[in-house]
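Enquirer: upload29.txt is reproduced below (compact mmCIF, C-alpha atoms and all ligand atoms).
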```txt
# COMPACT_ATOMS: atom_id res chain seq x y z
CA MET S 1 193.39 28.34 19.64
CA ALA S 2 193.74 29.00 15.93
CA ALA S 3 191.34 27.12 13.75
CA VAL S 4 192.96 24.39 11.73
CA PRO S 5 191.87 24.77 8.11
CA ARG S 6 189.86 21.86 6.86
CA LYS S 7 191.64 19.63 4.35
CA GLU S 8 189.29 20.67 1.54
CA LYS S 9 190.02 24.32 2.34
CA VAL S 10 193.79 23.75 2.14
CA GLU S 11 193.39 21.95 -1.16
CA GLU S 12 191.25 24.75 -2.51
CA LEU S 13 193.86 27.36 -1.50
CA GLU S 14 196.66 25.25 -3.01
CA ALA S 15 194.70 24.85 -6.23
CA ARG S 16 194.01 28.58 -6.44
CA ARG S 17 197.66 29.47 -5.83
CA HIS S 18 198.75 26.84 -8.34
CA SER S 19 196.44 28.23 -11.01
CA THR S 20 197.68 31.81 -10.36
CA VAL S 21 201.27 30.66 -10.83
CA GLN S 22 200.29 28.67 -13.90
CA SER S 23 198.58 31.61 -15.54
CA TRP S 24 201.48 33.96 -14.75
CA LEU S 25 203.89 31.46 -16.28
CA ALA S 26 201.68 30.91 -19.32
CA THR S 27 201.61 34.70 -19.85
CA HIS S 28 205.38 34.80 -19.52
CA GLN S 29 205.82 31.95 -22.00
CA GLY S 30 203.38 33.73 -24.31
CA ASP S 31 205.33 37.02 -24.07
CA GLN S 32 208.53 35.17 -24.86
CA ALA S 33 206.84 33.52 -27.82
CA ALA S 34 205.61 36.89 -29.14
CA ARG S 35 209.15 38.26 -28.88
CA LEU S 36 210.53 35.19 -30.62
CA ARG S 37 207.95 35.52 -33.40
CA GLN S 38 208.94 39.17 -33.98
CA THR S 39 212.64 38.29 -33.80
CA ARG S 40 212.12 35.59 -36.43
CA GLU S 41 210.36 38.10 -38.68
CA LEU S 42 213.18 40.63 -38.31
CA PHE S 43 215.77 37.92 -38.90
CA GLY S 44 214.14 37.38 -42.27
CA LYS S 45 215.52 33.90 -42.92
CA PRO S 46 213.70 30.73 -41.91
CA VAL S 47 214.94 28.95 -38.80
CA VAL S 48 213.63 25.92 -36.97
CA ILE S 49 213.60 26.24 -33.19
CA ILE S 50 213.95 23.08 -31.16
CA ASP S 51 214.18 22.18 -27.51
CA PRO S 52 216.38 19.08 -27.55
CA HIS S 53 216.12 18.46 -23.80
CA THR S 54 212.90 18.06 -21.79
CA HIS S 55 211.46 15.56 -19.32
CA SER S 56 207.96 14.20 -18.91
CA GLU S 57 206.14 11.84 -16.58
CA TYR S 58 207.93 9.01 -18.36
CA SER S 59 210.89 9.84 -16.09
CA ASP S 60 211.14 12.50 -13.37
CA GLY S 61 209.26 15.26 -15.24
CA ARG S 62 206.03 16.60 -13.79
CA ALA S 63 204.11 16.92 -17.07
CA THR S 64 202.31 14.58 -19.41
CA ILE S 65 203.40 14.53 -23.05
CA ALA S 66 200.25 16.51 -23.93
CA MET S 67 201.17 19.21 -21.39
CA ASN S 68 204.70 19.50 -22.80
CA ARG S 69 203.27 19.63 -26.33
CA ASP S 70 201.00 22.54 -25.34
CA ALA S 71 203.82 24.32 -23.49
CA GLY S 72 206.06 23.99 -26.56
CA ILE S 73 203.39 25.55 -28.77
CA THR S 74 202.76 28.34 -26.23
CA ALA S 75 206.51 29.05 -26.06
CA GLY S 76 206.88 29.15 -29.85
CA ILE S 77 209.13 26.08 -30.08
CA ASP S 78 208.79 24.14 -33.35
CA ILE S 79 209.91 20.74 -32.04
CA VAL S 80 210.16 19.62 -28.41
CA PHE S 81 212.17 16.44 -27.81
CA ALA S 82 211.05 14.41 -24.78
CA THR S 83 214.40 13.08 -23.58
CA ASP S 84 213.39 11.11 -20.52
CA HIS S 85 216.16 9.60 -18.43
CA ALA S 86 215.78 5.84 -18.68
CA SER S 87 212.72 5.51 -20.89
CA LEU S 88 211.73 5.36 -24.52
CA ASN S 89 208.08 4.55 -23.74
CA GLN S 90 207.21 8.22 -24.38
CA LYS S 91 207.80 7.45 -28.07
CA ARG S 92 204.39 5.83 -28.38
CA ALA S 93 202.61 8.88 -26.94
CA ILE S 94 204.54 11.18 -29.30
CA ARG S 95 204.17 9.28 -32.56
CA ASN S 96 201.31 11.39 -33.94
CA ILE S 97 202.37 14.78 -32.57
CA PRO S 98 204.08 16.77 -35.35
CA THR S 99 205.60 19.31 -32.88
CA MET S 100 207.30 16.66 -30.78
CA SER S 101 209.94 14.00 -31.05
CA TRP S 102 211.79 11.85 -28.58
CA GLY S 103 215.21 10.94 -27.25
CA GLN S 104 216.81 9.95 -23.99
CA GLU S 105 219.13 11.38 -21.35
CA PRO S 106 220.64 8.73 -19.09
CA GLY S 107 223.35 9.37 -16.52
CA ALA S 108 226.57 7.81 -17.77
CA GLY S 109 229.16 8.03 -15.02
CA SER S 110 231.16 11.23 -15.42
CA HIS S 111 228.45 12.98 -17.48
CA HIS S 112 224.94 12.54 -18.76
CA ILE S 113 224.50 11.63 -22.42
CA GLY S 114 221.73 13.05 -24.60
CA LEU S 115 220.38 11.08 -27.56
CA LEU S 116 217.85 12.25 -30.15
CA CYS S 117 215.58 9.85 -32.06
CA ASN S 118 217.22 6.68 -30.80
CA THR S 119 215.51 3.50 -31.93
CA ARG S 120 216.38 1.41 -28.89
CA LEU S 121 216.78 2.13 -25.18
CA PHE S 122 220.34 3.12 -24.29
CA VAL S 123 221.77 1.72 -21.07
CA PRO S 124 225.25 3.20 -20.45
CA ARG S 125 227.95 0.95 -19.02
CA LYS S 126 229.31 3.94 -17.05
CA GLU S 127 232.93 2.80 -17.34
CA ASN S 128 234.09 5.70 -19.46
CA ILE S 129 232.32 8.47 -21.27
CA ALA S 130 234.03 7.90 -24.65
CA ASP S 131 232.85 4.26 -24.84
CA ASP S 132 229.32 5.21 -23.79
CA VAL S 133 229.15 8.03 -26.36
CA ALA S 134 230.44 5.66 -29.06
CA LYS S 135 227.73 3.14 -28.11
CA ALA S 136 225.04 5.87 -28.02
CA ARG S 137 226.05 6.91 -31.55
CA THR S 138 225.23 3.42 -32.80
CA LEU S 139 221.68 3.79 -31.42
CA ALA S 140 220.89 7.43 -32.23
CA PRO S 141 221.51 9.71 -35.22
CA PHE S 142 222.49 12.55 -32.85
CA VAL S 143 224.23 12.48 -29.48
CA TRP S 144 225.22 15.34 -27.18
CA ILE S 145 226.48 16.11 -23.68
CA PRO S 146 224.00 17.97 -21.43
CA HIS S 147 225.10 20.56 -18.81
CA PRO S 148 228.86 19.83 -19.17
CA ALA S 149 229.85 21.90 -16.11
CA GLY S 150 226.99 20.83 -13.83
CA TRP S 151 223.54 22.31 -13.27
CA TYR S 152 221.56 24.75 -11.19
CA PRO S 153 221.36 25.09 -8.27
CA SER S 154 224.15 23.02 -6.71
CA THR S 155 225.56 20.25 -8.91
CA VAL S 156 229.06 21.54 -9.63
CA TYR S 157 231.22 19.22 -11.74
CA SER S 158 234.83 18.76 -10.67
CA GLU S 159 237.70 19.69 -13.01
CA GLU S 160 238.45 15.99 -13.31
CA LYS S 161 234.93 15.31 -14.51
CA LYS S 162 235.07 18.14 -17.04
CA GLU S 163 238.45 16.90 -18.31
CA THR S 164 236.86 13.64 -19.47
CA LEU S 165 235.26 15.63 -22.33
CA TRP S 166 238.69 15.80 -24.01
CA THR S 167 238.37 12.05 -24.63
CA LEU S 168 235.48 12.84 -27.02
CA ALA S 169 237.82 14.45 -29.58
CA PRO S 170 237.80 15.14 -32.49
CA ALA S 171 234.16 16.34 -32.42
CA PHE S 172 231.02 16.32 -30.31
CA ALA S 173 228.06 18.50 -29.27
CA MET S 174 227.25 19.90 -25.84
CA GLU S 175 224.90 22.32 -24.14
CA VAL S 176 226.28 25.81 -23.55
CA ILE S 177 222.91 26.95 -22.19
CA ASN S 178 220.99 24.59 -19.92
CA GLY S 179 217.77 25.61 -18.21
CA ALA S 180 217.63 23.00 -15.42
CA HIS S 181 215.23 24.07 -12.68
CA ARG S 182 215.00 27.54 -14.16
CA ILE S 183 211.85 29.32 -15.23
CA GLY S 184 211.92 32.66 -17.02
CA THR S 185 215.66 32.86 -17.72
CA ALA S 186 218.29 30.17 -18.20
CA PHE S 187 221.81 31.61 -18.33
CA ASP S 188 223.56 31.27 -14.99
CA GLN S 189 226.99 30.51 -13.52
CA PHE S 190 226.79 26.91 -14.75
CA ASP S 191 226.30 28.10 -18.32
CA ALA S 192 229.13 30.62 -17.93
CA ALA S 193 231.32 27.68 -16.82
CA ALA S 194 230.10 25.63 -19.81
CA VAL S 195 231.03 28.45 -22.21
CA ALA S 196 234.51 28.75 -20.64
CA LEU S 197 234.92 24.98 -21.02
CA TRP S 198 233.73 25.23 -24.64
CA ASP S 199 236.43 27.81 -25.49
CA ARG S 200 239.11 25.62 -23.94
CA LEU S 201 237.96 22.62 -25.99
CA LEU S 202 237.76 24.68 -29.20
CA ASP S 203 241.16 26.21 -28.55
CA ASP S 204 242.56 22.67 -28.29
CA GLY S 205 241.26 22.03 -31.81
CA ILE S 206 238.19 19.97 -30.81
CA ARG S 207 235.02 20.71 -32.78
CA VAL S 208 232.17 21.32 -30.35
CA THR S 209 228.64 22.15 -31.54
CA PRO S 210 226.71 24.33 -29.02
CA LEU S 211 223.15 23.52 -27.95
CA GLY S 212 220.56 25.24 -25.79
CA GLY S 213 218.23 22.86 -23.93
CA SER S 214 215.63 23.76 -21.32
CA ASP S 215 216.04 20.52 -19.33
CA ALA S 216 212.47 21.34 -18.27
CA HIS S 217 211.03 19.04 -15.62
CA VAL S 218 207.85 21.15 -15.53
CA PRO S 219 206.08 22.43 -18.68
CA GLU S 220 206.65 26.07 -17.64
CA GLY S 221 210.39 25.53 -18.15
CA ILE S 222 209.98 24.94 -21.87
CA GLY S 223 211.03 27.96 -23.93
CA VAL S 224 213.57 29.22 -21.40
CA CYS S 225 216.32 28.46 -23.93
CA TRP S 226 216.54 26.56 -27.21
CA THR S 227 218.56 25.65 -30.27
CA ALA S 228 217.92 27.25 -33.67
CA LEU S 229 218.79 25.75 -37.02
CA PRO S 230 218.79 27.93 -40.13
CA GLY S 231 217.28 26.74 -43.38
CA VAL S 232 216.02 23.29 -42.44
CA GLU S 233 212.60 21.71 -42.57
CA ALA S 234 210.67 21.49 -39.31
CA ASN S 235 210.92 17.75 -38.87
CA ALA S 236 213.09 15.70 -36.54
CA GLU S 237 214.95 13.89 -39.32
CA ALA S 238 216.05 17.12 -41.05
CA VAL S 239 216.93 18.69 -37.70
CA VAL S 240 219.13 15.80 -36.63
CA GLN S 241 220.96 15.81 -39.97
CA SER S 242 221.56 19.53 -39.71
CA LEU S 243 222.80 19.28 -36.10
CA ASN S 244 225.42 16.82 -37.31
CA THR S 245 226.80 19.46 -39.69
CA GLY S 246 227.22 21.75 -36.66
CA CYS S 247 225.15 24.57 -38.21
CA CYS S 248 223.10 25.94 -35.30
CA LEU S 249 222.99 28.42 -32.45
CA ALA S 250 222.11 28.18 -28.78
CA SER S 251 219.90 30.96 -27.43
CA GLU S 252 217.56 32.39 -24.84
CA ALA S 253 216.16 35.03 -27.23
CA PRO S 254 218.41 36.59 -29.92
CA LEU S 255 218.89 35.05 -33.36
CA LEU S 256 222.20 35.35 -35.15
CA ALA S 257 224.22 34.07 -38.07
CA ILE S 258 227.86 34.24 -39.09
CA HIS S 259 229.49 33.48 -42.43
CA MET S 260 233.08 33.40 -43.58
CA ASP S 261 234.10 33.11 -47.22
CA GLY S 262 230.47 32.13 -47.90
CA GLN S 263 230.59 29.27 -45.39
CA PRO S 264 228.01 28.95 -42.59
CA MET S 265 228.35 28.17 -38.87
CA GLY S 266 229.82 24.74 -38.24
CA ALA S 267 231.78 24.76 -41.51
CA THR S 268 235.52 24.65 -41.99
CA VAL S 269 237.02 27.48 -43.97
CA PRO S 270 239.89 26.17 -46.05
CA ALA S 271 243.26 27.85 -46.17
CA ASN S 272 243.22 29.91 -49.34
CA GLY S 273 246.44 31.88 -49.14
CA ARG S 274 244.68 35.14 -48.36
CA LYS S 275 246.05 37.06 -45.41
CA ARG S 276 242.68 38.05 -43.98
CA ARG S 277 239.33 36.35 -44.01
CA ILE S 278 236.14 38.37 -43.71
CA MET S 279 233.49 37.23 -41.28
CA GLN S 280 229.99 38.59 -41.82
CA TYR S 281 227.49 38.64 -38.99
CA ARG S 282 223.88 39.47 -38.37
CA VAL S 283 222.25 39.57 -34.92
CA VAL S 284 218.58 40.24 -34.19
CA ASP S 285 216.37 40.59 -31.12
CA ALA S 286 212.99 42.30 -31.24
CA ALA S 287 213.42 43.38 -27.60
CA GLY S 288 216.74 45.11 -28.37
CA LEU S 289 220.42 44.23 -28.17
CA GLN S 290 222.95 45.27 -25.56
CA CYS S 291 226.26 43.77 -26.65
CA VAL S 292 227.78 41.54 -29.33
CA ARG S 293 231.21 39.91 -29.06
CA ILE S 294 233.47 38.06 -31.46
CA ILE S 295 235.59 35.36 -29.85
CA ALA S 296 238.45 33.66 -31.68
CA ASP S 297 241.03 31.17 -30.41
CA GLY S 298 239.88 31.62 -26.82
CA ARG S 299 239.92 35.42 -26.66
CA VAL S 300 237.47 38.26 -27.19
CA ARG S 301 238.57 40.04 -30.40
CA LYS S 302 235.84 42.61 -30.85
CA THR S 303 232.98 43.99 -28.75
CA VAL S 304 230.12 46.09 -30.11
CA TYR S 305 227.93 47.92 -27.58
CA LEU S 306 224.43 48.78 -28.71
CA ARG S 307 221.69 51.08 -27.51
CA ASP S 308 218.77 48.70 -27.71
CA GLU S 309 218.93 48.44 -31.51
CA THR S 310 217.07 45.37 -32.75
CA ILE S 311 219.42 44.47 -35.61
CA LEU S 312 223.20 44.53 -35.90
CA GLU S 313 224.98 43.69 -39.13
CA GLY S 314 228.69 43.90 -39.66
CA GLU S 315 231.94 42.51 -40.96
CA TRP S 316 235.12 41.59 -39.21
CA ALA S 317 238.49 40.99 -40.81
CA CYS S 318 239.87 37.88 -39.16
CA PRO S 319 243.65 38.28 -38.75
CA ALA S 320 245.89 35.60 -40.24
CA SER S 321 247.14 34.88 -36.71
CA ILE S 322 243.80 33.24 -35.83
CA LYS S 323 244.33 29.52 -36.39
CA ARG S 324 241.48 27.53 -34.93
CA TYR S 325 237.99 29.02 -34.66
CA VAL S 326 235.78 32.09 -34.64
CA ARG S 327 232.41 32.38 -32.91
CA LEU S 328 229.95 35.14 -32.04
CA GLU S 329 227.84 35.76 -28.95
CA ALA S 330 225.12 38.28 -28.25
CA ARG S 331 223.36 39.69 -25.22
CA ALA S 332 219.91 41.25 -25.35
CA VAL S 333 218.73 44.22 -23.24
CA ASP S 334 217.48 41.82 -20.57
CA ASN S 335 220.76 39.83 -20.58
CA ARG S 336 219.37 36.93 -22.61
CA ARG S 337 222.22 35.32 -24.54
CA ALA S 338 222.85 33.66 -27.86
CA PHE S 339 225.91 31.75 -29.05
CA SER S 340 226.70 30.89 -32.66
CA ALA S 341 228.31 27.60 -33.54
CA PRO S 342 231.94 28.25 -34.46
CA ILE S 343 233.40 28.49 -37.91
CA TYR S 344 236.54 26.37 -37.88
CA LEU S 345 239.73 27.49 -39.58
CA GLU S 346 241.95 25.12 -41.45
CA SER S 347 245.51 26.19 -40.74
ZN ZN C 1 215.63 14.66 -14.41
ZN ZN C 2 217.81 16.50 -18.24
```
Please, can you express the file's structure as C-alpha cells?
Ligand SMILES: [Zn+2]
Ligand SMILES: [Zn+2]

Expert:
Amino acid sequence: MAAVPRKEKVEELEARRHSTVQSWLATHQGDQAARLRQTRELFGKPVVIIDPHTHSEYSDGRATIAMNRDAGITAGIDIVFATDHASLNQKRAIRNIPTMSWGQEPGAGSHHIGLLCNTRLFVPRKENIADDVAKARTLAPFVWIPHPAGWYPSTVYSEEKKETLWTLAPAFAMEVINGAHRIGTAFDQFDAAAVALWDRLLDDGIRVTPLGGSDAHVPEGIGVCWTALPGVEANAEAVVQSLNTGCCLASEAPLLAIHMDGQPMGATVPANGRKRRIMQYRVVDAAGLQCVRIIADGRVRKTVYLRDETILEGEWACPASIKRYVRLEARAVDNRRAFSAPIYLES
C-alpha cells in the first residue's frame, strides 16, 4: 500500500511548487519590464504606462494591495488601478501609494462597466447599459467598457450583447486588449473579436478610445498588457484627463504614435480642402517588430513587414476617400500587439 504523504509534507511540496512558479513569473515580469524600459528609451518621448484594470482581495482578486503594488513596480507599470468589482474600500489602503490608484468594475447587465477614481460606490441598475454608463459618469471622471466581446477562456458575448454598445454613441472607451486569466501574453481570440467590434463602431462614426487592461486577479497577471499615455504627468488626475481626450494606445509591448496635420491620437482633423492628408507614424519595440498596419474606415490600407527592426518611422498619404478614421497597429517579433487610438476625420 502506497504511503499517504503526511499533511505537513503535502503543504511543504505545495509551498515549494508555489514558490518556483512565483519566481519564474517574477523573472518573466522582470524581463518584460526590462524590455519595456528599453522600448521607452528608444521611443524617446515620455509616456505614462497604466494598468486601468486589476483586482485585489477587496473583491475576487488573490492579492493584497501591497502585492499588486509590488507586481506593478516589477512589471514597470507607472500606475496600477485597483478596480475591484463591488468595493471602494481598497481606496483607504491605496491612499499613500504613489504608484497606485483605484476604481471599480461592477457587472452591469449586458456588460461590465469600468470606473477610474470614482468618489462613491457605483451600484448599476442593470436595466440598460446607456443609463448605467451615464450614471457612472456622474460618479467617476473616467468610465470605460471592459472586455467588450467577452473574456478568456469561455465567456463569449452574444451579438445582441455586443450591439448594446451602439447605444453609447457618440463616444466612449473600451478595452481592445484584456488580459483576463492570462499570464505572460494577453492577446487572444476575445481581443481579436474586440478589435473587430471596435472597427465596426468606428466605421459607424462612433468615437471609441482603446484601452489595454490586465484584468489581473493574481499579481503575476499585472504587466501582461497596459495603456500608455504620451506626454502626461504620472499621476491619476492627469492620466484620467488625458484618457478623456482619447490620446493613448493599448499595448502588450510596442510603443507607437501617429500624427496627422500636427494632431495627435484621439484628435479630430478638420476638413481643410486639401486632397490628401499626411499621417506620420513611429513604432518602437526593443525586442523587434514584425508587422505594422494602417487601418482606415474598417479596412487595412497599408502593411509594412519588418525584419526584427526595433524602430519604424514613416508617412502615409491618406486618400480623400477616407471619411471617418485612421488608426495604426503593430505586432512585435513575439506577436505582442499595440493599437493606437484613432485620429478622427471631419468630413
Ligand atoms: Zn473578477
Ligand atoms: Zn475585471

Enquirer: Listing only residues of chain S within 7 Å of ligand ZN 2 (chain C), what is the closest atom pair and its distance in Å (to one decimal) for each, using only C-alpha atoms and all ligand atoms, sorted by chain and residue number ascending, as a Markdown table?

Expert:
```
| residue | atom | partner | partner_atom | distance |
| --- | --- | --- | --- | --- |
| S:His53 | CA | C:ZN2 | ZN | 6.1 |
| S:Thr54 | CA | C:ZN2 | ZN | 6.3 |
| S:His55 | CA | C:ZN2 | ZN | 6.5 |
| S:Glu105 | CA | C:ZN2 | ZN | 6.1 |
| S:Asp215 | CA | C:ZN2 | ZN | 4.5 |
```

Enquirer: For range 288-300 of chain S, please output as a ChimeraX atom specification all residues within 9 Å (counting only C-alpha atoms; exclusion window: fewer than 2 positions along the same chain).

Expert: /S:196,199-200,202-204,254,283-286,302-312,316,318,322-335,342

Enquirer: Considering all atoms listed in the file, tabulate each residue of chain S that lies at most 7 Å from ligand ZN 1 (chain C) along with its nearest interatomic pair and the corresponding distance in Å to one decimal; arrange the rows by chain and ascending residue number and present them as JSON lines.

Expert:
```
{"residue": "S:His55", "atom": "CA", "partner": "C:ZN1", "partner_atom": "ZN", "distance": 6.5}
{"residue": "S:Ser59", "atom": "CA", "partner": "C:ZN1", "partner_atom": "ZN", "distance": 7.0}
{"residue": "S:Asp60", "atom": "CA", "partner": "C:ZN1", "partner_atom": "ZN", "distance": 5.1}
{"residue": "S:Gly61", "atom": "CA", "partner": "C:ZN1", "partner_atom": "ZN", "distance": 6.5}
{"residue": "S:His85", "atom": "CA", "partner": "C:ZN1", "partner_atom": "ZN", "distance": 6.5}
{"residue": "S:His217", "atom": "CA", "partner": "C:ZN1", "partner_atom": "ZN", "distance": 6.5}
```

Enquirer: Could you name the residues that touch Asn235 in chain S at 10 Å or less, counting all atoms listed in the file, but leaving out those on the same chain fewer than 2 positions away, as a PyMOL selection string?

Expert: chain S and resi 48+50+78-79+98-101+232-233+237-240

Enquirer: Go through range 141-250 of chain S and flag each residue having an atom no more than 7 Å from range 117-131 of chain S; for those, report the closest pair of atoms plus their distance in Å to one decimal, using only C-alpha atoms, ordered by chain and rising number, as CSV.

Expert:
```
residue,atom,partner,partner_atom,distance
S:Pro141,CA,S:Cys117,CA,6.7
S:Thr167,CA,S:Ala130,CA,6.0
S:Leu168,CA,S:Ala130,CA,5.7
```

Enquirer: Point out the residue among S:His28, S:His111, S:Arg276, S:Arg301 with the least atom-to-atom distance to Glu160 in chain S, counting all atoms listed in the file.

Expert: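 Selected residue with least distance to Glu160 in chain S: S:His111.
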
Enquirer: Please supply range 281-312 of chain S, rebuilt with N, CA and C atoms, as a compact mmCIF listing (two decimals), keeping the file's coordinate frame.

Expert:
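Saved as out_14.txt:
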```txt
# COMPACT_ATOMS: atom_id res chain seq x y z
N TYR S 281 228.41 39.05 -40.05
CA TYR S 281 227.49 38.64 -38.99
C TYR S 281 226.21 39.45 -39.01
N ARG S 282 225.18 38.83 -38.49
CA ARG S 282 223.88 39.47 -38.37
C ARG S 282 223.24 38.98 -37.08
N VAL S 283 222.83 39.91 -36.23
CA VAL S 283 222.25 39.57 -34.92
C VAL S 283 220.94 40.32 -34.78
N VAL S 284 219.92 39.64 -34.28
CA VAL S 284 218.58 40.24 -34.19
C VAL S 284 217.92 39.89 -32.85
N ASP S 285 217.29 40.86 -32.23
CA ASP S 285 216.37 40.59 -31.12
C ASP S 285 215.32 41.70 -31.09
N ALA S 286 214.07 41.32 -31.19
CA ALA S 286 212.99 42.30 -31.24
C ALA S 286 212.92 43.15 -29.97
N ALA S 287 213.44 42.62 -28.85
CA ALA S 287 213.42 43.38 -27.60
C ALA S 287 214.60 44.35 -27.50
N GLY S 288 215.57 44.22 -28.38
CA GLY S 288 216.74 45.11 -28.37
C GLY S 288 218.00 44.38 -27.92
N LEU S 289 219.13 44.86 -28.45
CA LEU S 289 220.42 44.23 -28.17
C LEU S 289 221.27 45.14 -27.29
N GLN S 290 222.10 44.52 -26.47
CA GLN S 290 222.95 45.27 -25.56
C GLN S 290 224.42 45.19 -25.99
N CYS S 291 224.83 43.99 -26.44
CA CYS S 291 226.26 43.77 -26.65
C CYS S 291 226.48 42.56 -27.55
N VAL S 292 227.43 42.66 -28.45
CA VAL S 292 227.78 41.54 -29.33
C VAL S 292 229.29 41.39 -29.28
N ARG S 293 229.76 40.15 -29.15
CA ARG S 293 231.21 39.91 -29.06
C ARG S 293 231.66 38.86 -30.06
N ILE S 294 232.84 39.07 -30.61
CA ILE S 294 233.47 38.06 -31.46
C ILE S 294 234.59 37.42 -30.65
N ILE S 295 234.56 36.10 -30.59
CA ILE S 295 235.59 35.36 -29.85
C ILE S 295 236.34 34.48 -30.85
N ALA S 296 237.65 34.51 -30.80
CA ALA S 296 238.45 33.66 -31.68
C ALA S 296 239.64 33.12 -30.92
N ASP S 297 239.92 31.85 -31.09
CA ASP S 297 241.03 31.17 -30.41
C ASP S 297 241.08 31.52 -28.92
N GLY S 298 239.92 31.49 -28.27
CA GLY S 298 239.88 31.62 -26.82
C GLY S 298 239.89 33.03 -26.27
N ARG S 299 239.90 34.04 -27.16
CA ARG S 299 239.92 35.42 -26.66
C ARG S 299 238.89 36.29 -27.34
N VAL S 300 238.39 37.28 -26.61
CA VAL S 300 237.47 38.26 -27.19
C VAL S 300 238.27 39.16 -28.13
N ARG S 301 237.81 39.26 -29.40
CA ARG S 301 238.57 40.04 -30.40
C ARG S 301 237.88 41.35 -30.75
N LYS S 302 236.57 41.38 -30.54
CA LYS S 302 235.84 42.61 -30.85
C LYS S 302 234.56 42.65 -30.01
N THR S 303 234.23 43.83 -29.50
CA THR S 303 232.98 43.99 -28.75
C THR S 303 232.23 45.18 -29.34
N VAL S 304 230.96 44.99 -29.63
CA VAL S 304 230.12 46.09 -30.11
C VAL S 304 229.05 46.34 -29.05
N TYR S 305 228.99 47.57 -28.53
CA TYR S 305 227.93 47.92 -27.58
C TYR S 305 226.81 48.59 -28.34
N LEU S 306 225.58 48.23 -28.01
CA LEU S 306 224.43 48.78 -28.71
C LEU S 306 223.55 49.56 -27.74
N ARG S 307 222.67 50.35 -28.33
CA ARG S 307 221.69 51.08 -27.51
C ARG S 307 220.30 50.58 -27.84
N ASP S 308 220.08 49.33 -27.52
CA ASP S 308 218.77 48.70 -27.71
C ASP S 308 218.35 48.53 -29.17
N GLU S 309 219.30 48.70 -30.12
CA GLU S 309 218.93 48.44 -31.51
C GLU S 309 218.49 46.98 -31.65
N THR S 310 217.60 46.72 -32.59
CA THR S 310 217.07 45.37 -32.75
C THR S 310 217.87 44.54 -33.75
N ILE S 311 218.64 45.20 -34.59
CA ILE S 311 219.42 44.47 -35.61
C ILE S 311 220.85 45.02 -35.62
N LEU S 312 221.81 44.13 -35.68
CA LEU S 312 223.20 44.53 -35.90
C LEU S 312 223.75 43.69 -37.05
```
